[in-house]
Structures are given as C-alpha cells and as structure tokens.
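Structure first, commentary second.
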Amino acid sequence: MSPSEQARVVEAVLMVAAEPVPPGLLAELLETPVGQVEALCHRLAESYRTEQRGFVLARVAGGYRYQSHPHLAPFVERFLLDGQSARLSAAALETLAIVAYKQPVSRAQMSAIRGVNVDSVVRMLAQRGYVEPVARDSGPGQAVLYGTTDLFLERLGLDSLDHLPPLGDLVPGPDVVETLEAGLRAD
Amino acid sequence: MSPSEQARVVEAVLMVAAEPVPPGLLAELLETPVGQVEALCHRLAESYRTEQRGFVLARVAGGYRYQSHPHLAPFVERFLLDGQSARLSAAALETLAIVAYKQPVSRAQMSAIRGVNVDSVVRMLAQRGYVEPVARDSGPGQAVLYGTTDLFLERLGLDSLDHLPPLGDLVPGPDVVETLEAGLRAD
Amino acid sequence: MPYEVSTPVFEGPFDLLLHLVTVDQVDLYEVSISRIVDAYLAEMARMEALDLEVATEFALITAILIELKCRRLLPGPGDVDMDEEVAVWEERDLLLRRLLECKTFKDAGALLSRLADRASASLPRTAGLEERFAHLAPDLLAQVTPEDLRRAMGRLVAHRPRPRVDVSHLAPISLSVADAMAVLRERLAPRGQVTFAELTADLDDHLEVIVHFLAILELYMEGLLELEQAAPFGTLLVVWVGEGVAASAAAGLPARSSLS
C-alpha cells in the first residue's frame, strides 16, 4: 500500500472512531511498523494545519483523533447551545430507565432488553454525565457495568435511587421474566 | 467572514456533531443565506473528493455529516469489529418498503398488501428506530399510522423521502402482468 | 442479533400465489386443490421436522384457494349475463391488482436492501461532543420525571413479543350481521318489497353482500320478511312483513305470521 493510500485508511478509520485510536491498532490495520504510522499521522496533522482546516488531528489519551480547531471554539459552542435538540430521545430514555432500574448493568444486557444495539446511546449518556462505568462483570469478558450518576439523581430531583418510583404493578408474568432472563444470560 | 473561514467553521462544527447538521442551522451560525451554505458544502465535498481524502462530506436525512469513504469499507469494518446493525429479513424489508412508500399507513393496510399479519414485524422495525407512529387515522378505530424516521433515511443514505426511487419504476413489467393475468383467467 | 428467522420458501399466501402463477404457471381457477395440496405435502416432506408455522401456512393457503373458487361460484348480484360477467372480471382484476401490488413491494424491499448495503460502506462520524464542550450541552433531563423512567421501563417489559394466533388471512369484516339487519330494517320497512340485487347494488365487497344475505336469512327466521324466487338463480325478491309496514307503501300486502 502506498503512503497516500495508508493516509486515506487512517483518515477513514479516525473519522468513524468514537474514541482516540492507539497507533498500535492503526499499525495492525495497515500491516506497517508503529513508527511509520506515527510519522504518517504526523504528516497528516501537519497537512491539516497548513491547509488551515477547521479540524485538527490530535494526540490524546494514547491515541489519535479528530477534534475541532481550538480557534473555532466560539462557533462550536454556539452550535452546541443553539443546535442541539434539548430533548431526550425515546431510545435514550429507555436506555436510561434500564440503567436506573437494573444497575449495575452491561451494554450487552441493555441491548438484550431493548432489542437493539445501545452503544452510541450509552456513549451519549456517559458524555452527558448521566451514567458511568461503576464496575466490571466478574464473568468471562469482564464487561463494563454501568450505573447512574449523582448528576442524574440531582437532575431528576431524587435523593437516592431508593426514591425511584417502584416498578410494582409493571412486573411481568413469570413467563416473560423467564424470557428476559434467558436473554440476559445469553451474553 | 471570508468563504475559506466559513468553510473552516463548517468543518469544525461537523466534526463534533453527532447527527446530520441541517444547512439552515449552519446558515444561522455563519449569518449567511442557506443557498450560500449549500454551495459552500458542495465545494467542500468536491475538494475532499479531488484531494482523495479517506472521508466524504455526505448529504443525508436533510443534513450534512462526515462519513468514511466507501472504498475504504474493508478497513473500517475490520476496525469496528462489532458488527453494524443486523440485517433485515425479506419480510421486514417488504414491510419497511410499504411504510416508506405509503406513509402514513396503518398496520391493517400493511397486512392487506402483504397478505400476512405484520404486527411483530412492525414492532421490530419500531424498536430498531426505522418506523414510528406519526398520526392516527381519522376513521373509526383511529388506527395508529406509521411513517419512516430520519434513522431510516440515514441507513439508506438518502437525503429525503423524495430521493427514494419512484415506485412506478418498480411496478412489474408487461411480461409479469401478462403471466399473472393468464394465471388468473376467469374462465 | 444472533440470527434471523426466515420461513423456508413462502412468506404468506400472496407470496405463494405469486410463485404458483409466475413460476409454476398454474391457472388458479382451473387447477384442482388436490394438486396444490400434493405440491405442499412434497414441500413439507423435504423439511426435517414438521414446522407448525409452515403447516399453518399450508392450511391457510388451501383455505384461500377454496375461498377463490367459492367466490367464483357465488351468484353475481344481478341477473345472469352482463352483471355477472362484469362481477367476475372485477373480482379477478382486484386479485390481480393485489398480486401486482404485493410483487411491487417485494421488489421495493429488495431495492431498499441494496440501498442500505451501498450506504453501509460509508459509515458516519459518531464521536460527538468533545469533553471540553461537555458543560455546554443542554440539560436533556430538564423535561424528564422519575415517572417517565418508570413508564419507559414498563413499555420495555410489556413489549416482549408473545406467541399469537395469526388471523390475518381472515378478511376483515367491517359490517356485522347485526349491523346489516338494522340497515335492512330501515331500508325495507318503508319500501315494502325490493330485489336482493337492488339492496346490495351499492356494495363493492363480496363479503358485505354475504353479510347482507345472512342478515336477510336472520330476519326471515324472525318472521319479519318473506323471500320469493321464481326460478333457481332467478331474481330474489325480499318482502317486508314486519312492523312498520302499515304506514308504508307496501300497506296493501297481507300480513303474515311468523314462520319461526
């Protein structure tokens, strides 16, 4: 693969990555020594600078990621204040409810209950500070378990989790519980 | 603000946006007519193409967003590992097509077209966020009417429902009609 | 999602009909039911174990074919020639339209699948908010109450799919016999006598005609009307003999006692 092709792959991968990507991972993907990847990212970052792009290629937390250019922060801030929808989506509300009532709970368990992948929703909820990793599953895989935060309680006006409205009459029949539990065990 | 400065702002904002950003929002931010924003984004997308970037500026679900370049899909897929959303069955796709082209449409109407009960399929499509209740029938029974969501447009890479290929193109050709007619000969 | 359930060959009766007509070139009206049954038994024999869903599907399709044949055997609403001819054609056209519509959306589904496949080669950026901007994000919980959470959880628990009996093959009946009886009382009482064809002239749906016919039989059993037919398949005359006739145009008819 030519260096310019390698650069394209790095651009594509960093564009879709949700977290900083360690150079080692990029090296594996490109089947190239890490040193070469570092040099490649360096050149890319440099080119964005000289082209005066609105984004930068930053080295953070042991990896590379795209960020908005610091000079443009005022615009980004205005965009975030005006442009973001201030309502919680139905998907986010459901996921938050699962974390609130079932914590500590893994993403796989949330997905099993909601029937869809919850990764991006959980990331958003964590970014907003409503949920956070609280433990690791003791089973194989050691999945991260999530719980709600103090900010969550504060925003909902709750003293503690004990003050969440009891599910009570919502509790489903034993057959449904069985199905649910079978689903939860499957991960 | 110069056009190149405006382009930088667009780049910065799109880099932090989690959803497609409508041109109207960018226009407000830049204090510029929408038409100019559209032209700007067009030029930006064009420049990424000619520079052979690993990412593209796509117009989806009524807004702009960054996406990985389709040619680099093999690398991006290997990087993301956790498979994207599960594929839909033929039954689900047919039902989704009915909603897409006939919306707003009730479950009874979908059943009538497909000749089978669609309840569980519609529930699954709603859970995945591809369809949602959009209205209620004014007639007796006030059936829930369904429509497609922005997520549906995003998954199909469409800017709006107007960009769906016209249903007229899909109507079976004269040969099929002839065969069917012969098969249903009344005497 | 670990797997997708897919019915082995046919997805619903239309799917089967489409297949029979377009691929096997079967003439639905001419073919004997037993031939279809044979074809289906052969299909099921190829399966490893008897699948209840497929067996149901098979029963359902047979029922539909019988329904098709029955519909054709039903006498047309009017006198012999033109009306009947037209009715048969209309019925056939309706079925043809439905099959074409079903085929159209089948193809549309395949098209959506191709679009989605193409789109999935280009994945979106989802990283979202950088942490330095986190404090600027609007409070998404501003409108949310603890009760909202409880309800959301309730929806999730309640929405578990449960096994259910598929009754979609039963055509929806918008009109009950009781409804039709009420309608007929209203229409017959002032007019005294009227032909069945006239009574049902404004009905498009065969099923509604049948419901009206059943309603007439009910009213006959209650002794509220008499039926007259000069010859088999001849004009069916419905004569109102119930209360309310005296004031109507049919006042001259002799009162009759209940037959039931």
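Lettering and numbering for the structure tokens are positional, with chains as A, B, ... in the shown order, residues counted from 1 in each chain, and ligands counted from 1 in the shown order.
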task: Pick out the chain B residues within 8 Å of chain C. Count only C-alpha atoms. Give them as a ChimeraX atom specification.
output: /B:15-19,65-73,86,88-91,93-98,111,113-117,120,155-157,167,170-172,176-177,179-187
File of the preceding selection, C-alpha atoms, as a PDB file, in the first residue's frame:
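Output contents, as saved in result29.pdb:
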```
ATOM      1  CA  MET B  15     -16.574  17.270  13.467  1.00  0.00           C
ATOM      2  CA  VAL B  16     -18.406  17.450  16.828  1.00  0.00           C
ATOM      3  CA  ALA B  17     -21.948  16.880  15.548  1.00  0.00           C
ATOM      4  CA  ALA B  18     -23.474  13.505  16.367  1.00  0.00           C
ATOM      5  CA  GLU B  19     -26.258  13.839  13.777  1.00  0.00           C
ATOM      6  CA  ARG B  65     -22.186  14.861   8.032  1.00  0.00           C
ATOM      7  CA  TYR B  66     -18.760  13.286   7.718  1.00  0.00           C
ATOM      8  CA  GLN B  67     -18.602   9.644   6.643  1.00  0.00           C
ATOM      9  CA  SER B  68     -15.794   7.266   5.797  1.00  0.00           C
ATOM     10  CA  HIS B  69     -15.082   6.837   2.071  1.00  0.00           C
ATOM     11  CA  PRO B  70     -16.982   3.805   0.740  1.00  0.00           C
ATOM     12  CA  HIS B  71     -13.841   2.446  -0.966  1.00  0.00           C
ATOM     13  CA  LEU B  72     -12.215   2.015   2.433  1.00  0.00           C
ATOM     14  CA  ALA B  73     -15.089  -0.034   3.853  1.00  0.00           C
ATOM     15  CA  ALA B  86     -28.205  -6.787  11.997  1.00  0.00           C
ATOM     16  CA  LEU B  88     -33.312  -7.233   7.991  1.00  0.00           C
ATOM     17  CA  SER B  89     -35.290 -10.239   6.779  1.00  0.00           C
ATOM     18  CA  ALA B  90     -37.125 -10.111   3.461  1.00  0.00           C
ATOM     19  CA  ALA B  91     -40.409  -9.833   5.364  1.00  0.00           C
ATOM     20  CA  LEU B  93     -37.785  -5.183   4.180  1.00  0.00           C
ATOM     21  CA  GLU B  94     -41.113  -5.574   2.356  1.00  0.00           C
ATOM     22  CA  THR B  95     -42.996  -4.083   5.289  1.00  0.00           C
ATOM     23  CA  LEU B  96     -40.471  -1.262   5.531  1.00  0.00           C
ATOM     24  CA  ALA B  97     -40.943  -0.592   1.809  1.00  0.00           C
ATOM     25  CA  ILE B  98     -44.705  -0.333   2.281  1.00  0.00           C
ATOM     26  CA  SER B 111     -51.276  -6.582   6.292  1.00  0.00           C
ATOM     27  CA  ILE B 113     -50.847  -5.615   0.975  1.00  0.00           C
ATOM     28  CA  ARG B 114     -48.573  -8.372   2.247  1.00  0.00           C
ATOM     29  CA  GLY B 115     -51.362 -10.840   2.967  1.00  0.00           C
ATOM     30  CA  VAL B 116     -49.886 -11.741   6.352  1.00  0.00           C
ATOM     31  CA  ASN B 117     -50.018 -10.340   9.846  1.00  0.00           C
ATOM     32  CA  SER B 120     -44.437  -8.388  15.119  1.00  0.00           C
ATOM     33  CA  ARG B 155     -29.338   3.943   6.984  1.00  0.00           C
ATOM     34  CA  LEU B 156     -30.273   4.189   3.326  1.00  0.00           C
ATOM     35  CA  GLY B 157     -28.008   7.155   2.725  1.00  0.00           C
ATOM     36  CA  LEU B 167     -42.373   3.248  -7.055  1.00  0.00           C
ATOM     37  CA  LEU B 170     -40.763  -0.992  -9.637  1.00  0.00           C
ATOM     38  CA  VAL B 171     -44.177  -1.910 -10.974  1.00  0.00           C
ATOM     39  CA  PRO B 172     -43.803  -5.304 -12.646  1.00  0.00           C
ATOM     40  CA  VAL B 176     -45.128 -10.382 -15.466  1.00  0.00           C
ATOM     41  CA  VAL B 177     -48.562  -8.772 -15.721  1.00  0.00           C
ATOM     42  CA  THR B 179     -48.316 -14.136 -16.827  1.00  0.00           C
ATOM     43  CA  LEU B 180     -50.388 -13.146 -13.820  1.00  0.00           C
ATOM     44  CA  GLU B 181     -53.369 -12.357 -15.993  1.00  0.00           C
ATOM     45  CA  ALA B 182     -53.132 -15.724 -17.704  1.00  0.00           C
ATOM     46  CA  GLY B 183     -52.883 -17.423 -14.341  1.00  0.00           C
ATOM     47  CA  LEU B 184     -55.992 -15.694 -13.095  1.00  0.00           C
ATOM     48  CA  ARG B 185     -58.015 -16.372 -16.213  1.00  0.00           C
ATOM     49  CA  ALA B 186     -61.608 -16.349 -15.125  1.00  0.00           C
ATOM     50  CA  ASP B 187     -62.926 -18.991 -17.489  1.00  0.00           C
TER      51      ASP B 187
END
```
Moved coordinates, chain B onto chain A, all Cα atoms, as a tab-separated table (two decimals) with C-alpha atoms, in the first residue's frame:
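The resulting file, superposed.tsv, is shown below:
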```
chain	number	residue	atom	x	y	z
B	1	MET	CA	10.54	10.68	9.40
B	2	SER	CA	10.92	13.38	12.04
B	3	PRO	CA	8.32	13.72	14.78
B	4	SER	CA	7.10	17.00	13.29
B	5	GLU	CA	6.67	15.35	9.89
B	6	GLN	CA	4.79	12.52	11.57
B	7	ALA	CA	2.52	15.05	13.23
B	8	ARG	CA	1.78	16.61	9.83
B	9	VAL	CA	0.78	13.23	8.41
B	10	VAL	CA	-1.56	12.63	11.34
B	11	GLU	CA	-3.14	16.04	10.82
B	12	ALA	CA	-3.64	15.39	7.10
B	13	VAL	CA	-5.14	11.94	7.57
B	14	LEU	CA	-7.50	12.95	10.38
B	15	MET	CA	-8.74	15.81	8.22
B	16	VAL	CA	-10.16	13.43	5.58
B	17	ALA	CA	-11.26	10.62	7.92
B	18	ALA	CA	-15.01	10.25	8.40
B	19	GLU	CA	-14.65	8.08	11.52
B	20	PRO	CA	-12.32	7.97	14.52
B	21	VAL	CA	-8.94	6.64	13.32
B	22	PRO	CA	-7.45	3.90	15.52
B	23	PRO	CA	-3.86	4.58	16.60
B	24	GLY	CA	-2.85	1.18	15.19
B	25	LEU	CA	-3.77	2.35	11.69
B	26	LEU	CA	-1.73	5.55	12.11
B	27	ALA	CA	1.18	3.47	13.39
B	28	GLU	CA	1.13	1.33	10.24
B	29	LEU	CA	1.01	4.41	8.06
B	30	LEU	CA	3.94	6.03	9.87
B	31	GLU	CA	5.81	2.74	10.33
B	32	THR	CA	6.16	3.61	13.98
B	33	PRO	CA	5.26	1.79	17.23
B	34	VAL	CA	1.72	2.45	18.47
B	35	GLY	CA	3.04	3.87	21.74
B	36	GLN	CA	4.86	6.56	19.82
B	37	VAL	CA	1.70	7.41	17.87
B	38	GLU	CA	-0.24	7.76	21.11
B	39	ALA	CA	2.43	10.09	22.49
B	40	LEU	CA	2.40	12.06	19.25
B	41	CYS	CA	-1.37	12.51	19.29
B	42	HIS	CA	-1.18	13.47	22.94
B	43	ARG	CA	1.32	16.22	22.17
B	44	LEU	CA	-0.75	17.36	19.19
B	45	ALA	CA	-3.92	17.59	21.29
B	46	GLU	CA	-1.96	19.46	23.97
B	47	SER	CA	-0.61	21.95	21.44
B	48	TYR	CA	-4.10	22.72	20.11
B	49	ARG	CA	-5.14	23.40	23.70
B	50	THR	CA	-2.29	25.77	24.46
B	51	GLU	CA	-2.72	27.54	21.11
B	52	GLN	CA	-6.40	27.95	21.99
B	53	ARG	CA	-7.58	26.48	18.71
B	54	GLY	CA	-11.27	26.33	17.87
B	55	PHE	CA	-10.98	22.58	17.45
B	56	VAL	CA	-9.74	19.72	19.62
B	57	LEU	CA	-8.14	16.36	18.91
B	58	ALA	CA	-10.41	13.91	20.74
B	59	ARG	CA	-9.99	10.26	21.62
B	60	VAL	CA	-13.35	8.57	20.98
B	61	ALA	CA	-14.55	5.00	20.35
B	62	GLY	CA	-10.99	3.70	20.19
B	63	GLY	CA	-9.66	6.30	17.76
B	64	TYR	CA	-8.70	9.92	17.17
B	65	ARG	CA	-10.75	12.55	15.44
B	66	TYR	CA	-11.12	16.30	15.13
B	67	GLN	CA	-14.03	17.93	16.96
B	68	SER	CA	-15.13	21.50	17.51
B	69	HIS	CA	-14.13	23.02	20.87
B	70	PRO	CA	-16.98	22.59	23.37
B	71	HIS	CA	-16.78	26.28	24.39
B	72	LEU	CA	-17.81	27.27	20.87
B	73	ALA	CA	-20.92	25.08	20.86
B	74	PRO	CA	-23.34	28.04	20.61
B	75	PHE	CA	-21.76	29.15	17.30
B	76	VAL	CA	-21.47	25.65	15.90
B	77	GLU	CA	-25.10	24.92	16.76
B	78	ARG	CA	-26.29	28.09	15.09
B	79	PHE	CA	-24.26	27.18	12.02
B	80	LEU	CA	-25.52	23.61	11.76
B	81	LEU	CA	-29.17	24.63	12.23
B	82	ASP	CA	-30.59	21.22	11.41
B	83	GLY	CA	-30.84	19.92	14.93
B	84	GLN	CA	-28.58	17.07	15.84
B	85	SER	CA	-30.07	13.70	16.69
B	86	ALA	CA	-33.30	13.87	18.66
B	87	ARG	CA	-33.07	13.48	22.41
B	88	LEU	CA	-33.86	10.11	23.94
B	89	SER	CA	-36.74	9.58	26.35
B	90	ALA	CA	-36.08	8.49	29.93
B	91	ALA	CA	-37.36	5.02	29.03
B	92	ALA	CA	-34.91	4.77	26.12
B	93	LEU	CA	-32.03	6.02	28.27
B	94	GLU	CA	-32.74	3.45	31.00
B	95	THR	CA	-32.85	0.64	28.46
B	96	LEU	CA	-29.67	1.92	26.84
B	97	ALA	CA	-28.00	1.96	30.27
B	98	ILE	CA	-28.97	-1.66	30.84
B	99	VAL	CA	-27.46	-2.67	27.49
B	100	ALA	CA	-24.34	-0.61	28.16
B	101	TYR	CA	-23.64	-2.15	31.56
B	102	LYS	CA	-25.01	-5.69	31.10
B	103	GLN	CA	-24.07	-6.50	27.51
B	104	PRO	CA	-24.55	-8.96	25.96
B	105	VAL	CA	-28.14	-8.89	27.20
B	106	SER	CA	-31.48	-10.19	25.87
B	107	ARG	CA	-34.70	-8.21	25.61
B	108	ALA	CA	-36.26	-10.50	28.22
B	109	GLN	CA	-33.49	-9.58	30.65
B	110	MET	CA	-33.99	-5.87	29.95
B	111	SER	CA	-37.75	-6.26	30.49
B	112	ALA	CA	-37.14	-8.07	33.74
B	113	ILE	CA	-35.05	-5.19	35.07
B	114	ARG	CA	-37.32	-2.38	33.90
B	115	GLY	CA	-40.57	-4.21	34.62
B	116	VAL	CA	-42.05	-3.19	31.27
B	117	ASN	CA	-41.93	-4.47	27.73
B	118	VAL	CA	-38.87	-3.07	25.96
B	119	ASP	CA	-39.43	-4.35	22.41
B	120	SER	CA	-40.29	-1.05	20.78
B	121	VAL	CA	-37.62	0.85	22.70
B	122	VAL	CA	-34.94	-1.66	21.66
B	123	ARG	CA	-36.12	-1.45	18.04
B	124	MET	CA	-35.82	2.34	18.17
B	125	LEU	CA	-32.34	2.18	19.75
B	126	ALA	CA	-31.23	-0.28	17.07
B	127	GLN	CA	-32.63	1.93	14.33
B	128	ARG	CA	-30.68	4.87	15.66
B	129	GLY	CA	-27.58	2.68	15.65
B	130	TYR	CA	-26.90	2.80	19.40
B	131	VAL	CA	-27.39	-0.93	20.02
B	132	GLU	CA	-27.10	-3.99	17.80
B	133	PRO	CA	-27.50	-7.75	18.05
B	134	VAL	CA	-24.10	-9.14	19.01
B	135	ALA	CA	-24.77	-12.80	19.77
B	136	ARG	CA	-27.36	-15.42	20.53
B	137	ASP	CA	-28.06	-16.95	23.89
B	138	SER	CA	-26.81	-20.53	24.07
B	139	GLY	CA	-29.81	-21.54	26.19
B	140	PRO	CA	-33.22	-22.66	24.93
B	141	GLY	CA	-34.90	-20.18	22.61
B	142	GLN	CA	-31.52	-18.76	21.58
B	143	ALA	CA	-32.58	-15.21	22.39
B	144	VAL	CA	-30.83	-12.42	20.51
B	145	LEU	CA	-28.33	-10.68	22.78
B	146	TYR	CA	-27.70	-6.96	22.35
B	147	GLY	CA	-24.63	-4.80	22.84
B	148	THR	CA	-23.78	-1.14	22.29
B	149	THR	CA	-22.16	0.16	19.09
B	150	ASP	CA	-19.23	2.45	18.32
B	151	LEU	CA	-21.78	5.14	17.51
B	152	PHE	CA	-22.98	4.87	21.11
B	153	LEU	CA	-19.42	5.50	22.34
B	154	GLU	CA	-19.08	8.40	19.89
B	155	ARG	CA	-22.30	10.02	21.07
B	156	LEU	CA	-21.17	9.78	24.67
B	157	GLY	CA	-17.66	10.93	23.87
B	158	LEU	CA	-16.19	7.77	25.39
B	159	ASP	CA	-13.05	6.04	24.21
B	160	SER	CA	-14.27	2.57	25.25
B	161	LEU	CA	-16.80	0.85	27.48
B	162	ASP	CA	-14.14	0.75	30.19
B	163	HIS	CA	-14.57	4.50	30.44
B	164	LEU	CA	-18.20	4.25	31.50
B	165	PRO	CA	-18.50	5.40	35.10
B	166	PRO	CA	-18.58	2.22	37.24
B	167	LEU	CA	-22.09	1.00	37.98
B	168	GLY	CA	-21.06	0.58	41.62
B	169	ASP	CA	-21.02	4.37	41.96
B	170	LEU	CA	-24.66	4.46	40.93
B	171	VAL	CA	-26.02	1.91	43.37
B	172	PRO	CA	-28.45	3.76	45.63
B	173	GLY	CA	-27.01	4.98	48.92
B	174	PRO	CA	-27.84	3.47	52.32
B	175	ASP	CA	-30.62	6.00	52.93
B	176	VAL	CA	-32.52	4.87	49.84
B	177	VAL	CA	-31.94	1.20	50.67
B	178	GLU	CA	-33.23	1.82	54.17
B	179	THR	CA	-36.37	3.52	52.91
B	180	LEU	CA	-37.02	0.70	50.47
B	181	GLU	CA	-36.44	-1.90	53.15
B	182	ALA	CA	-38.88	-0.17	55.48
B	183	GLY	CA	-41.42	0.01	52.69
B	184	LEU	CA	-41.12	-3.68	52.01
B	185	ARG	CA	-41.31	-4.71	55.64
B	186	ALA	CA	-42.64	-8.21	55.65
B	187	ASP	CA	-44.64	-8.04	58.85
```
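Taking the backbone of this structure through DSSP, the residues of range 23-157 of chain B that come out as strand (DSSP E) are B:Phe55, B:Val56, B:Leu57, B:Ala58, B:Arg59, B:Val60, B:Gly63, B:Tyr64, B:Arg65, B:Tyr66, B:Gln67, B:Ser68, B:Val105, B:Ser106, B:Val131, B:Glu132, B:Pro133, B:Val134, B:Ala135, B:Arg136, B:Val144, B:Leu145, B:Tyr146, B:Gly147, B:Thr148.
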